[in-house]
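**Q** Please see the structure below; I have some questions.
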Amino acid sequence: MSRHSQATGFDIRRAAAQRLQTVLTGAPFVPFGAREISDSRDRALANKLVTVSLRRHGQISRILSSVLEKGIPKRAGIFEAALRSGIAQLLFLPDMGQHAAIHLAVEVIKKDRRAGRFAKLANAALRNVQRGFSVDDLDPKDLVPAWVFTRWEKHYGETAALGMLDALLAPVPLDITGRPDQDQTELFNKMGAVKNLGASYRLEDRDVSVEELPGFVDGQWWIQDLASTLPVYLANPQPGQKVLDICAAPGGKTAQLAASGAEVTAVDLDGKRLERVKENLDRLKLNATLIEADATNLSAETQYDLVVLDAPCSATGTYRRHPEVLWHRREKDIKQRAQLQKEMLINAAHLVNVGGQLVFCTCSLEPEEGEVQVAAFLKIHPEFEVVPVIQKELENWTDPILAGGYVRTLPSMSAPQNGTGMDGFFAARLRRIK
């Protein structure tokens, strides 16, 4: 879309519907970047349409079942995505205009080769939504799959579960981590960023892209959710230590480790994701050895003072930025991923020196991928013990510390210094004692 002329409302809605369509077919949501939509206002609007459609996916599904008697037509191209984004604008972005929501959604459907024949059906459905629904009528529990809310309530209680629904709809701040070898207090104050914990700061609002924020281009900080900083923060790597970062991409923890002065080897199965890690390290002027390899069968010839395993998981803790993850997962997937984690954890254990640390973490809200996993590991690995996290280490932030000395953050949890919200994360710090 041209930088010199703002895109029409039609272009923005069509782009949003096309991007939403890819997510509905199983892909992760990748926000529009400047190369795709150059005008920042157009880009923000397109991203907002998709994001709101995904955050409200369950409620919109409930609405669609009411207004489409025969359900979504088959082989209908962009029909469903355009209709969903139209409903998102109609009900949840009313300042953008109800007439525009209906008209533009129908136009996008009309111009699609497969969807065009269903334009009248879309118009009728949107009119029915306009007449028959309001936000107040919707059940908050429809925001997530029923099995997800049931698990949240079972494991964390009703108050936390309802708070996690609120977190799904709340604006997501930008958490950034500063280089520990530089004092960025003045820079972060200038940006309006407030301290979270350690070197993590939070920026609630911004009106420019990340690349345009001061200090980004010259490598003074990187993007990293507060919860994601905790495993390395608690591991407290030291200069000269030999450190292995397993499943390293996208690289926030790798940057933390490298910035400590440790000798870092970062491993990931995905070569393209490793390229992103390298780009980030280059911008930050940090060094690490990057290896493309399968973490389930790493050689034990070399042993390390610290091994960090951020294991592949259901990623349900990342739903604030990736609402689609809750709809792309099935409850039975959790067991499969837990088995893979078990294999990785056992392999990682062989790579730790006696006296060294093994930090296991996941961005999951599922105990099978956290507390249960570590408890099972310790039963068959008596050579490891838990090093309990104490509140002093978290600057007296007690909320995430579990009875066993593990750490678990919830999206409904209050941040240590500033506001509410962070990814759901689990971390256990283990030491090899023999």
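Convention: chains lettered A, B, ... in structure tokens order; per-chain residue numbering from 1; ligands numbered from 1 as shown.
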Skip Ser228 (chain A) itself and residues of its chain fewer than 3 positions away, then list as a ChimeraX atom specification all residues within 10 Å of it, counting only C-alpha atoms.

**A** /A:175,200,224-225,231-233,252-253,310,361-363,409,422-427

**Q** Residues at most 10 Å from Leu68 (chain A), counting only C-alpha atoms, excluding those fewer than 6 positions away in the same chain, as a PyMOL selection string?

**A** chain A and resi 121-122+124-125+128

**Q** With N, CA, C and O atoms retained, write the just-selected residues as a short mmCIF file (atom, residue, chain, number, x, y, z; two decimals), in the first residue's frame.

**A**
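As written to disk, again_4.cif reads:
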data_model
loop_
_atom_site.label_atom_id
_atom_site.label_comp_id
_atom_site.auth_asym_id
_atom_site.auth_seq_id
_atom_site.Cartn_x
_atom_site.Cartn_y
_atom_site.Cartn_z
N LEU A 121 -26.08 -13.07 1.84
CA LEU A 121 -26.14 -13.79 3.12
C LEU A 121 -25.33 -13.03 4.18
O LEU A 121 -25.78 -12.87 5.32
N ALA A 122 -24.16 -12.53 3.78
CA ALA A 122 -23.32 -11.77 4.72
C ALA A 122 -24.01 -10.49 5.15
O ALA A 122 -24.00 -10.13 6.34
N ALA A 124 -27.22 -9.86 5.26
CA ALA A 124 -28.34 -10.18 6.16
C ALA A 124 -27.82 -10.56 7.55
O ALA A 124 -28.39 -10.14 8.57
N ALA A 125 -26.74 -11.34 7.60
CA ALA A 125 -26.18 -11.76 8.89
C ALA A 125 -25.70 -10.55 9.69
O ALA A 125 -25.96 -10.44 10.89
N ASN A 128 -28.53 -8.59 11.09
CA ASN A 128 -29.11 -9.26 12.25
C ASN A 128 -28.25 -9.06 13.49
O ASN A 128 -28.77 -8.90 14.60
#

**Q** Which of region 6-255 of chain A end up as alpha helix (DSSP H) when DSSP is run on this backbone - answer as a PyMOL selection string?

**A** chain A and resi 9-24+40-55+57-67+79-87+98-110+119-132+146-156+158-169+185-191+226-235+252-255

**Q** Please list as a list in words every residue within 10 Å of Phe118 (chain A), counting only C-alpha atoms and excluding residues in the same chain fewer than 6 positions away.

**A** Pro73, Ala76, Gly77, Phe79, Val106, Ile109, Lys110 and Asp112 of chain A

**Q** Near Tyr304 (chain A), within 8 Å and counting only C-alpha atoms, which residues show up once chain neighbours fewer than 5 positions away are dropped, as JSON, numbers by chain?

**A** {"A": [241, 242, 243, 244, 351, 352, 353, 356]}

**Q** Store the residues of this selection in a file with N, CA and C atoms, as a JSON list (two decimals), in the first residue's frame.

**A**
[["chain", "number", "residue", "atom", "x", "y", "z"],
["A", 241, "GLN", "N", 31.24, -18.38, 32.54],
["A", 241, "GLN", "CA", 30.56, -19.67, 32.67],
["A", 241, "GLN", "C", 30.23, -20.24, 31.29],
["A", 242, "LYS", "N", 30.30, -21.56, 31.17],
["A", 242, "LYS", "CA", 29.87, -22.22, 29.94],
["A", 242, "LYS", "C", 28.38, -22.48, 30.04],
["A", 243, "VAL", "N", 27.63, -21.91, 29.13],
["A", 243, "VAL", "CA", 26.17, -21.95, 29.20],
["A", 243, "VAL", "C", 25.60, -22.51, 27.90],
["A", 244, "LEU", "N", 24.60, -23.38, 28.03],
["A", 244, "LEU", "CA", 23.89, -23.93, 26.88],
["A", 244, "LEU", "C", 22.45, -23.47, 26.93],
["A", 351, "LEU", "N", 23.92, -32.98, 30.27],
["A", 351, "LEU", "CA", 24.84, -31.94, 29.79],
["A", 351, "LEU", "C", 25.28, -30.98, 30.89],
["A", 352, "VAL", "N", 24.84, -31.24, 32.12],
["A", 352, "VAL", "CA", 25.11, -30.32, 33.24],
["A", 352, "VAL", "C", 26.27, -30.85, 34.09],
["A", 353, "ASN", "N", 27.24, -29.99, 34.35],
["A", 353, "ASN", "CA", 28.34, -30.33, 35.26],
["A", 353, "ASN", "C", 27.81, -30.58, 36.67],
["A", 356, "GLY", "N", 26.50, -27.70, 38.69],
["A", 356, "GLY", "CA", 25.90, -26.78, 37.74],
["A", 356, "GLY", "C", 24.39, -26.73, 37.84]]

**Q** For region 182-244 of chain A against region 279-289 of chain A, with a cut-off of 10 Å and counting only C-alpha atoms, what is the closest atom pair and its distance in Å to one decimal for every residue that makes the cut, ordered by chain and number, as JSON lines?

**A**
{"residue": "A:Phe216", "atom": "CA", "partner": "A:Arg283", "partner_atom": "CA", "distance": 8.4}
{"residue": "A:Val217", "atom": "CA", "partner": "A:Arg283", "partner_atom": "CA", "distance": 6.9}
{"residue": "A:Asp218", "atom": "CA", "partner": "A:Arg283", "partner_atom": "CA", "distance": 6.7}
{"residue": "A:Gly219", "atom": "CA", "partner": "A:Leu284", "partner_atom": "CA", "distance": 4.0}
{"residue": "A:Gln220", "atom": "CA", "partner": "A:Leu284", "partner_atom": "CA", "distance": 6.6}
{"residue": "A:Trp221", "atom": "CA", "partner": "A:Leu284", "partner_atom": "CA", "distance": 7.3}
{"residue": "A:Trp222", "atom": "CA", "partner": "A:Asn280", "partner_atom": "CA", "distance": 8.0}
{"residue": "A:Ile223", "atom": "CA", "partner": "A:Asn280", "partner_atom": "CA", "distance": 10.0}
{"residue": "A:Val243", "atom": "CA", "partner": "A:Ala288", "partner_atom": "CA", "distance": 9.8}
{"residue": "A:Leu244", "atom": "CA", "partner": "A:Thr289", "partner_atom": "CA", "distance": 9.6}

**Q** Can you write just those residues out, N, CA and C atoms, as a PDB file, in the first residue's frame?

**A**
ATOM      1  N   PHE A 216      16.754   1.438  20.189  1.00  0.00           N
ATOM      2  CA  PHE A 216      16.567   0.120  19.577  1.00  0.00           C
ATOM      3  C   PHE A 216      17.632  -0.155  18.520  1.00  0.00           C
ATOM      4  N   VAL A 217      17.764   0.757  17.572  1.00  0.00           N
ATOM      5  CA  VAL A 217      18.671   0.524  16.447  1.00  0.00           C
ATOM      6  C   VAL A 217      20.109   0.333  16.920  1.00  0.00           C
ATOM      7  N   ASP A 218      20.531   1.106  17.935  1.00  0.00           N
ATOM      8  CA  ASP A 218      21.916   0.968  18.393  1.00  0.00           C
ATOM      9  C   ASP A 218      22.077  -0.079  19.493  1.00  0.00           C
ATOM     10  N   GLY A 219      21.060  -0.940  19.663  1.00  0.00           N
ATOM     11  CA  GLY A 219      21.237  -2.145  20.452  1.00  0.00           C
ATOM     12  C   GLY A 219      21.310  -1.963  21.955  1.00  0.00           C
ATOM     13  N   GLN A 220      20.542  -1.025  22.505  1.00  0.00           N
ATOM     14  CA  GLN A 220      20.586  -0.831  23.952  1.00  0.00           C
ATOM     15  C   GLN A 220      19.549  -1.678  24.690  1.00  0.00           C
ATOM     16  N   TRP A 221      18.611  -2.272  23.980  1.00  0.00           N
ATOM     17  CA  TRP A 221      17.589  -3.108  24.604  1.00  0.00           C
ATOM     18  C   TRP A 221      16.942  -4.013  23.564  1.00  0.00           C
ATOM     19  N   TRP A 222      16.200  -4.983  24.073  1.00  0.00           N
ATOM     20  CA  TRP A 222      15.456  -5.883  23.194  1.00  0.00           C
ATOM     21  C   TRP A 222      14.080  -6.149  23.794  1.00  0.00           C
ATOM     22  N   ILE A 223      13.173  -6.637  22.953  1.00  0.00           N
ATOM     23  CA  ILE A 223      11.801  -6.933  23.396  1.00  0.00           C
ATOM     24  C   ILE A 223      11.792  -8.291  24.100  1.00  0.00           C
ATOM     25  N   VAL A 243      27.628 -21.911  29.131  1.00  0.00           N
ATOM     26  CA  VAL A 243      26.167 -21.952  29.200  1.00  0.00           C
ATOM     27  C   VAL A 243      25.599 -22.510  27.903  1.00  0.00           C
ATOM     28  N   LEU A 244      24.604 -23.375  28.030  1.00  0.00           N
ATOM     29  CA  LEU A 244      23.894 -23.927  26.882  1.00  0.00           C
ATOM     30  C   LEU A 244      22.445 -23.471  26.931  1.00  0.00           C
TER      31      LEU A 244
END

**Q** Taking the DSSP assignment computed from this structure's backbone, write out as a ChimeraX atom specification all residues of region 300-384 of chain A that belong to strand (DSSP E or B).

**A** /A:304-310,352-362,384

**Q** Store the residues picked out above, limited to N, CA and C atoms, as a CSV table (one decimal), in the first residue's frame.

**A**
chain,number,residue,atom,x,y,z
A,304,TYR,N,28.2,-28.4,30.8
A,304,TYR,CA,28.0,-26.9,31.0
A,304,TYR,C,27.8,-26.6,32.4
A,305,ASP,N,28.1,-25.4,32.8
A,305,ASP,CA,27.8,-24.9,34.1
A,305,ASP,C,26.4,-24.5,34.3
A,306,LEU,N,25.7,-24.2,33.2
A,306,LEU,CA,24.3,-23.8,33.2
A,306,LEU,C,23.7,-24.3,31.9
A,307,VAL,N,22.6,-25.0,32.0
A,307,VAL,CA,21.8,-25.4,30.9
A,307,VAL,C,20.4,-24.8,31.1
A,308,VAL,N,19.9,-24.0,30.1
A,308,VAL,CA,18.5,-23.5,30.1
A,308,VAL,C,17.7,-24.1,29.0
A,309,LEU,N,16.7,-24.8,29.4
A,309,LEU,CA,15.8,-25.5,28.4
A,309,LEU,C,14.4,-24.8,28.5
A,310,ASP,N,14.2,-24.1,27.4
A,310,ASP,CA,12.8,-23.5,27.2
A,310,ASP,C,12.1,-24.4,26.3
A,352,VAL,N,24.8,-31.2,32.1
A,352,VAL,CA,25.1,-30.3,33.2
A,352,VAL,C,26.3,-30.8,34.1
A,353,ASN,N,27.2,-30.0,34.4
A,353,ASN,CA,28.3,-30.3,35.3
A,353,ASN,C,27.8,-30.6,36.7
A,354,VAL,N,28.5,-31.4,37.4
A,354,VAL,CA,28.2,-31.5,38.9
A,354,VAL,C,28.4,-30.1,39.5
A,355,GLY,N,27.4,-29.7,40.3
A,355,GLY,CA,27.4,-28.3,40.8
A,355,GLY,C,26.8,-27.3,39.9
A,356,GLY,N,26.5,-27.7,38.7
A,356,GLY,CA,25.9,-26.8,37.7
A,356,GLY,C,24.4,-26.7,37.8
A,357,GLN,N,23.8,-25.8,37.1
A,357,GLN,CA,22.3,-25.6,37.2
A,357,GLN,C,21.7,-26.0,35.9
A,358,LEU,N,20.4,-26.5,36.0
A,358,LEU,CA,19.5,-26.8,34.9
A,358,LEU,C,18.3,-26.0,35.2
A,359,VAL,N,17.9,-25.1,34.3
A,359,VAL,CA,16.7,-24.4,34.4
A,359,VAL,C,15.7,-24.8,33.3
A,360,PHE,N,14.6,-25.3,33.8
A,360,PHE,CA,13.6,-25.8,32.9
A,360,PHE,C,12.4,-24.8,32.9
A,361,CYS,N,12.0,-24.4,31.7
A,361,CYS,CA,10.9,-23.4,31.6
A,361,CYS,C,10.0,-23.7,30.4
A,362,THR,N,8.7,-23.2,30.5
A,362,THR,CA,7.8,-23.3,29.4
A,362,THR,C,6.9,-22.1,29.5
A,384,PHE,N,19.7,-34.6,41.0
A,384,PHE,CA,19.3,-33.2,40.9
A,384,PHE,C,18.4,-32.8,42.1

**Q** Against region 312-320 of chain A, which residues of region 79-176 of chain A fall within 9 Å? For each one I want the closest pair of atoms and the distance in Å (one decimal), counting only C-alpha atoms, rows by chain and increasing residue number, as CSV.

**A**
residue,atom,partner,partner_atom,distance
A:Ala167,CA,A:Arg320,CA,6.7
A:Leu168,CA,A:Arg320,CA,5.1
A:Leu169,CA,A:Arg320,CA,7.7
A:Ala170,CA,A:Arg320,CA,8.1
A:Pro171,CA,A:Arg320,CA,8.6
A:Val172,CA,A:Arg320,CA,6.9

**Q** May I ask for the distance between CA of Gly157 (chain A) and CA of Thr229 (chain A), given in Å to one decimal place?

**A** 25.6 Å

**Q** Calculate how many Å separate CA of Asn47 (chain A) from CA of Phe32 (chain A), rounding to one decimal.

**A**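 Between these atoms lies a distance of 6.3 Å.
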